Amino acid sequence: MNNEELRQCVVLHKTKPWIRNYKETLIRPLREVNPDWVGEPVTVRGRRETWYRPTDAFWIVHCKASHKKDGAGCQTKTHYAFLNPRGKNAEFGYASLLHDGTLHQVTKRGFQTECSFWKSL
């Protein structure tokens, strides 16, 4: 992935055009992770657990590990394994915060939708 492709990957993750009413992505570390990946905490209405804004360092690592230019690197199983609390190698809870304040933790179906978007590029 060259620098422009990496930049575009980060931008698309920050805007998620495949999710209606999208505001931002939030993460919740499930085990010890690189502190450079976790940004400021965000209070989410109706939630007890603490969620955080992912840093650019998080997105860069994520894009390099999981997204190739043609979308081939976007595999539902891999995303779910690392970014869902029930995943085999769970590192983070990964959720979309909508403009109305609703928080949707991304499920297998959500990762399928994301990967379909990447494969359509």
# chains A, B, ... in the order shown; residues from 1 in each chain; ligands from 1

call {"tool": "select_by_dssp", "arguments": {"residues": "chain A", "states": "alpha helix (DSSP H)", "output": "ChimeraX atom specification"}}
result
/A:3-15,56-66,76-83,108-120

call {"tool": "residues_around", "arguments": {"residues": "Leu30 in chain A", "least_positions_apart": "2", "cutoff": "12 Å", "atoms": "only C-alpha atoms", "output": "ChimeraX atom specification"}}
result
/A:27-28,32-34,38,49-52,82-87,89-94

call {"tool": "write_last_selection", "arguments": {"atoms": "C-alpha atoms", "output": "PDB file, in the first residue's frame"}}
result
ATOM      1  CA  ILE A  27     -12.779   1.432  20.210  1.00  0.00           C
ATOM      2  CA  ARG A  28     -12.577  -0.260  23.586  1.00  0.00           C
ATOM      3  CA  GLU A  32      -3.302  -4.458  26.959  1.00  0.00           C
ATOM      4  CA  VAL A  33      -2.621  -2.778  23.618  1.00  0.00           C
ATOM      5  CA  ASN A  34      -0.215  -0.202  22.284  1.00  0.00           C
ATOM      6  CA  VAL A  38      -5.986   4.711  21.900  1.00  0.00           C
ATOM      7  CA  GLU A  49     -17.786   0.999  29.719  1.00  0.00           C
ATOM      8  CA  THR A  50     -15.272   3.544  28.459  1.00  0.00           C
ATOM      9  CA  TRP A  51     -14.869   3.945  24.706  1.00  0.00           C
ATOM     10  CA  TYR A  52     -12.064   5.821  22.950  1.00  0.00           C
ATOM     11  CA  PHE A  82      -9.586  -8.899  16.317  1.00  0.00           C
ATOM     12  CA  LEU A  83     -12.326  -6.269  16.592  1.00  0.00           C
ATOM     13  CA  ASN A  84     -15.191  -8.010  18.367  1.00  0.00           C
ATOM     14  CA  PRO A  85     -15.185  -9.148  22.011  1.00  0.00           C
ATOM     15  CA  ARG A  86     -16.249 -12.649  20.909  1.00  0.00           C
ATOM     16  CA  GLY A  87     -13.502 -12.841  18.308  1.00  0.00           C
ATOM     17  CA  ASN A  89      -7.960 -12.862  18.944  1.00  0.00           C
ATOM     18  CA  ALA A  90     -10.067 -10.037  20.371  1.00  0.00           C
ATOM     19  CA  GLU A  91      -8.060  -6.882  21.015  1.00  0.00           C
ATOM     20  CA  PHE A  92     -10.835  -4.291  20.807  1.00  0.00           C
ATOM     21  CA  GLY A  93     -14.499  -3.696  20.912  1.00  0.00           C
ATOM     22  CA  TYR A  94     -15.137  -1.710  17.719  1.00  0.00           C
TER      23      TYR A  94
END

call {"tool": "atom_distance", "arguments": {"atom1": "CA of Glu5 in chain A", "atom2": "CA of Gly73 in chain A"}}
result
13.2 Å

call {"tool": "closest_residue", "arguments": {"among": "A:His104, A:Arg45, A:His67, A:Arg20", "to": "Met1 in chain A", "atoms": "only C-alpha atoms"}}
result
A:His67

call {"tool": "atom_distance", "arguments": {"atom1": "CA of Leu98 in chain A", "atom2": "CA of Asn3 in chain A"}}
result
29.1 Å

call {"tool": "residues_around", "arguments": {"residues": "Ala57 in chain A", "least_positions_apart": "4", "cutoff": "10 Å", "atoms": "only C-alpha atoms", "output": "PyMOL selection string"}}
result
chain A and resi 10+34-39+61-63

call {"tool": "select_by_dssp", "arguments": {"residues": "chain A", "states": "strand (DSSP E)", "output": "list in words"}}
result
Tyr22, Lys23, Glu24, Thr25, Leu26, Ile27, Arg28, Pro29, Val38, Gly39, Glu40, Pro41, Val42, Trp51, Tyr52, Arg53, Pro54, Phe92, Gly93, Tyr94, Ala95, Ser96, Leu97, Leu98, Leu103, His104 and Gln105 of chain A

call {"tool": "write_last_selection", "arguments": {"atoms": "C-alpha atoms", "output": "CSV table (one decimal), in the first residue's frame"}}
result
chain,number,residue,atom,x,y,z
A,22,TYR,CA,-22.3,7.8,10.8
A,23,LYS,CA,-20.5,10.1,13.2
A,24,GLU,CA,-17.3,8.3,14.3
A,25,THR,CA,-15.7,5.0,15.2
A,26,LEU,CA,-15.0,4.2,18.8
A,27,ILE,CA,-12.8,1.4,20.2
A,28,ARG,CA,-12.6,-0.3,23.6
A,29,PRO,CA,-9.4,-2.2,24.4
A,38,VAL,CA,-6.0,4.7,21.9
A,39,GLY,CA,-7.0,8.4,21.8
A,40,GLU,CA,-9.2,10.4,24.1
A,41,PRO,CA,-12.1,8.8,26.0
A,42,VAL,CA,-15.6,9.4,24.9
A,51,TRP,CA,-14.9,3.9,24.7
A,52,TYR,CA,-12.1,5.8,23.0
A,53,ARG,CA,-11.4,7.5,19.7
A,54,PRO,CA,-8.8,5.6,17.7
A,92,PHE,CA,-10.8,-4.3,20.8
A,93,GLY,CA,-14.5,-3.7,20.9
A,94,TYR,CA,-15.1,-1.7,17.7
A,95,ALA,CA,-18.3,0.4,17.3
A,96,SER,CA,-19.9,3.0,15.2
A,97,LEU,CA,-21.4,6.0,16.9
A,98,LEU,CA,-24.2,7.5,15.0
A,103,LEU,CA,-23.7,3.1,19.5
A,104,HIS,CA,-23.5,0.0,17.3
A,105,GLN,CA,-20.8,-2.6,18.1

call {"tool": "closest_residue", "arguments": {"among": "A:Ser120, A:Ser66, A:Thr43, A:Gln112", "to": "Cys9 in chain A", "atoms": "only C-alpha atoms"}}
result
A:Ser66

call {"tool": "closest_residue", "arguments": {"among": "A:Thr55, A:Tyr80, A:Gln8, A:Leu121", "to": "Thr107 in chain A", "atoms": "only C-alpha atoms"}}
result
A:Tyr80

call {"tool": "atom_distance", "arguments": {"atom1": "CA of His99 in chain A", "atom2": "CA of Lys16 in chain A"}}
result
12.8 Å

call {"tool": "decode", "arguments": {"residues": "range 17-66 of chain A", "atoms": "N, CA and C atoms", "output": "short mmCIF file (atom, residue, chain, number, x, y, z; two decimals), in the first residue's frame"}}
result
data_model
loop_
_atom_site.label_atom_id
_atom_site.label_comp_id
_atom_site.auth_asym_id
_atom_site.auth_seq_id
_atom_site.Cartn_x
_atom_site.Cartn_y
_atom_site.Cartn_z
N PRO A 17 -18.48 5.80 4.55
CA PRO A 17 -19.62 6.11 3.68
C PRO A 17 -20.62 4.96 3.54
N TRP A 18 -20.29 3.79 4.00
CA TRP A 18 -21.20 2.65 3.92
C TRP A 18 -22.17 2.60 5.11
N ILE A 19 -22.04 3.53 6.07
CA ILE A 19 -22.92 3.55 7.24
C ILE A 19 -23.71 4.86 7.24
N ARG A 20 -25.04 4.73 7.20
CA ARG A 20 -25.90 5.90 7.24
C ARG A 20 -25.89 6.53 8.63
N ASN A 21 -25.89 7.85 8.67
CA ASN A 21 -25.96 8.61 9.93
C ASN A 21 -24.69 8.43 10.78
N TYR A 22 -23.58 8.03 10.15
CA TYR A 22 -22.32 7.76 10.85
C TYR A 22 -21.70 9.05 11.38
N LYS A 23 -21.23 8.99 12.62
CA LYS A 23 -20.51 10.11 13.22
C LYS A 23 -19.03 9.79 13.40
N GLU A 24 -18.74 8.68 14.10
CA GLU A 24 -17.34 8.30 14.32
C GLU A 24 -17.23 6.86 14.81
N THR A 25 -16.03 6.32 14.69
CA THR A 25 -15.72 5.00 15.20
C THR A 25 -15.15 5.15 16.60
N LEU A 26 -15.53 4.23 17.47
CA LEU A 26 -14.97 4.18 18.81
C LEU A 26 -14.43 2.78 19.06
N ILE A 27 -13.38 2.72 19.86
CA ILE A 27 -12.78 1.43 20.21
C ILE A 27 -12.73 1.29 21.72
N ARG A 28 -12.67 0.04 22.16
CA ARG A 28 -12.58 -0.26 23.59
C ARG A 28 -11.57 -1.38 23.74
N PRO A 29 -10.36 -1.09 24.26
CA PRO A 29 -9.37 -2.15 24.43
C PRO A 29 -9.89 -3.26 25.35
N LEU A 30 -9.68 -4.49 24.93
CA LEU A 30 -10.12 -5.65 25.70
C LEU A 30 -8.96 -6.31 26.44
N ARG A 31 -7.77 -5.90 26.10
CA ARG A 31 -6.55 -6.36 26.76
C ARG A 31 -5.52 -5.27 26.57
N GLU A 32 -4.34 -5.48 27.09
CA GLU A 32 -3.30 -4.46 26.96
C GLU A 32 -2.92 -4.31 25.49
N VAL A 33 -2.96 -3.08 25.01
CA VAL A 33 -2.62 -2.78 23.62
C VAL A 33 -1.66 -1.60 23.60
N ASN A 34 -1.11 -1.34 22.44
CA ASN A 34 -0.22 -0.20 22.28
C ASN A 34 -0.97 1.08 22.65
N PRO A 35 -0.50 1.82 23.66
CA PRO A 35 -1.21 3.04 24.08
C PRO A 35 -1.28 4.11 22.99
N ASP A 36 -0.40 4.03 22.00
CA ASP A 36 -0.42 5.00 20.90
C ASP A 36 -1.65 4.82 20.01
N TRP A 37 -2.34 3.70 20.13
CA TRP A 37 -3.52 3.43 19.29
C TRP A 37 -4.80 3.99 19.88
N VAL A 38 -4.77 4.32 21.18
CA VAL A 38 -5.99 4.71 21.90
C VAL A 38 -5.95 6.21 22.18
N GLY A 39 -6.94 6.92 21.64
CA GLY A 39 -7.01 8.36 21.83
C GLY A 39 -7.84 8.75 23.04
N GLU A 40 -8.49 9.87 22.93
CA GLU A 40 -9.24 10.40 24.06
C GLU A 40 -10.50 9.58 24.36
N PRO A 41 -10.86 9.50 25.64
CA PRO A 41 -12.07 8.77 26.01
C PRO A 41 -13.32 9.54 25.57
N VAL A 42 -14.38 8.79 25.30
CA VAL A 42 -15.65 9.37 24.87
C VAL A 42 -16.74 8.79 25.77
N THR A 43 -17.56 9.66 26.32
CA THR A 43 -18.70 9.21 27.10
C THR A 43 -19.85 8.92 26.15
N VAL A 44 -20.38 7.71 26.24
CA VAL A 44 -21.49 7.31 25.38
C VAL A 44 -22.73 7.15 26.26
N ARG A 45 -23.76 7.88 25.92
CA ARG A 45 -25.01 7.86 26.67
C ARG A 45 -25.51 6.41 26.86
N GLY A 46 -25.82 6.06 28.10
CA GLY A 46 -26.37 4.75 28.40
C GLY A 46 -25.35 3.62 28.47
N ARG A 47 -24.06 3.94 28.42
CA ARG A 47 -23.01 2.91 28.47
C ARG A 47 -22.14 3.12 29.69
N ARG A 48 -21.82 2.03 30.36
CA ARG A 48 -20.94 2.10 31.53
C ARG A 48 -19.47 2.01 31.13
N GLU A 49 -19.18 1.20 30.11
CA GLU A 49 -17.79 1.00 29.72
C GLU A 49 -17.24 2.26 29.03
N THR A 50 -15.93 2.40 29.08
CA THR A 50 -15.27 3.54 28.46
C THR A 50 -14.89 3.20 27.03
N TRP A 51 -15.23 4.08 26.12
CA TRP A 51 -14.87 3.94 24.71
C TRP A 51 -13.89 5.06 24.38
N TYR A 52 -13.10 4.86 23.33
CA TYR A 52 -12.06 5.82 22.95
C TYR A 52 -12.09 6.08 21.45
N ARG A 53 -11.61 7.26 21.09
CA ARG A 53 -11.40 7.54 19.67
C ARG A 53 -10.09 6.87 19.26
N PRO A 54 -10.10 6.13 18.16
CA PRO A 54 -8.84 5.55 17.69
C PRO A 54 -7.95 6.67 17.13
N THR A 55 -6.67 6.52 17.33
CA THR A 55 -5.71 7.50 16.81
C THR A 55 -5.37 7.19 15.36
N ASP A 56 -4.70 8.12 14.70
CA ASP A 56 -4.22 7.85 13.34
C ASP A 56 -3.28 6.66 13.34
N ALA A 57 -2.50 6.48 14.40
CA ALA A 57 -1.60 5.33 14.47
C ALA A 57 -2.40 4.02 14.43
N PHE A 58 -3.55 3.98 15.10
CA PHE A 58 -4.42 2.80 15.05
C PHE A 58 -4.86 2.54 13.61
N TRP A 59 -5.35 3.60 12.95
CA TRP A 59 -5.86 3.42 11.58
C TRP A 59 -4.77 2.99 10.62
N ILE A 60 -3.58 3.52 10.78
CA ILE A 60 -2.47 3.15 9.90
C ILE A 60 -2.14 1.67 10.07
N VAL A 61 -2.04 1.21 11.32
CA VAL A 61 -1.77 -0.22 11.58
C VAL A 61 -2.90 -1.07 11.03
N HIS A 62 -4.13 -0.65 11.27
CA HIS A 62 -5.29 -1.41 10.79
C HIS A 62 -5.29 -1.50 9.26
N CYS A 63 -5.08 -0.39 8.60
CA CYS A 63 -5.09 -0.39 7.13
C CYS A 63 -3.98 -1.27 6.56
N LYS A 64 -2.80 -1.16 7.11
CA LYS A 64 -1.69 -1.97 6.61
C LYS A 64 -1.91 -3.46 6.85
N ALA A 65 -2.55 -3.80 7.97
CA ALA A 65 -2.74 -5.21 8.30
C ALA A 65 -3.97 -5.82 7.62
N SER A 66 -4.97 -5.02 7.36
CA SER A 66 -6.26 -5.59 6.96
C SER A 66 -6.83 -5.11 5.63
#
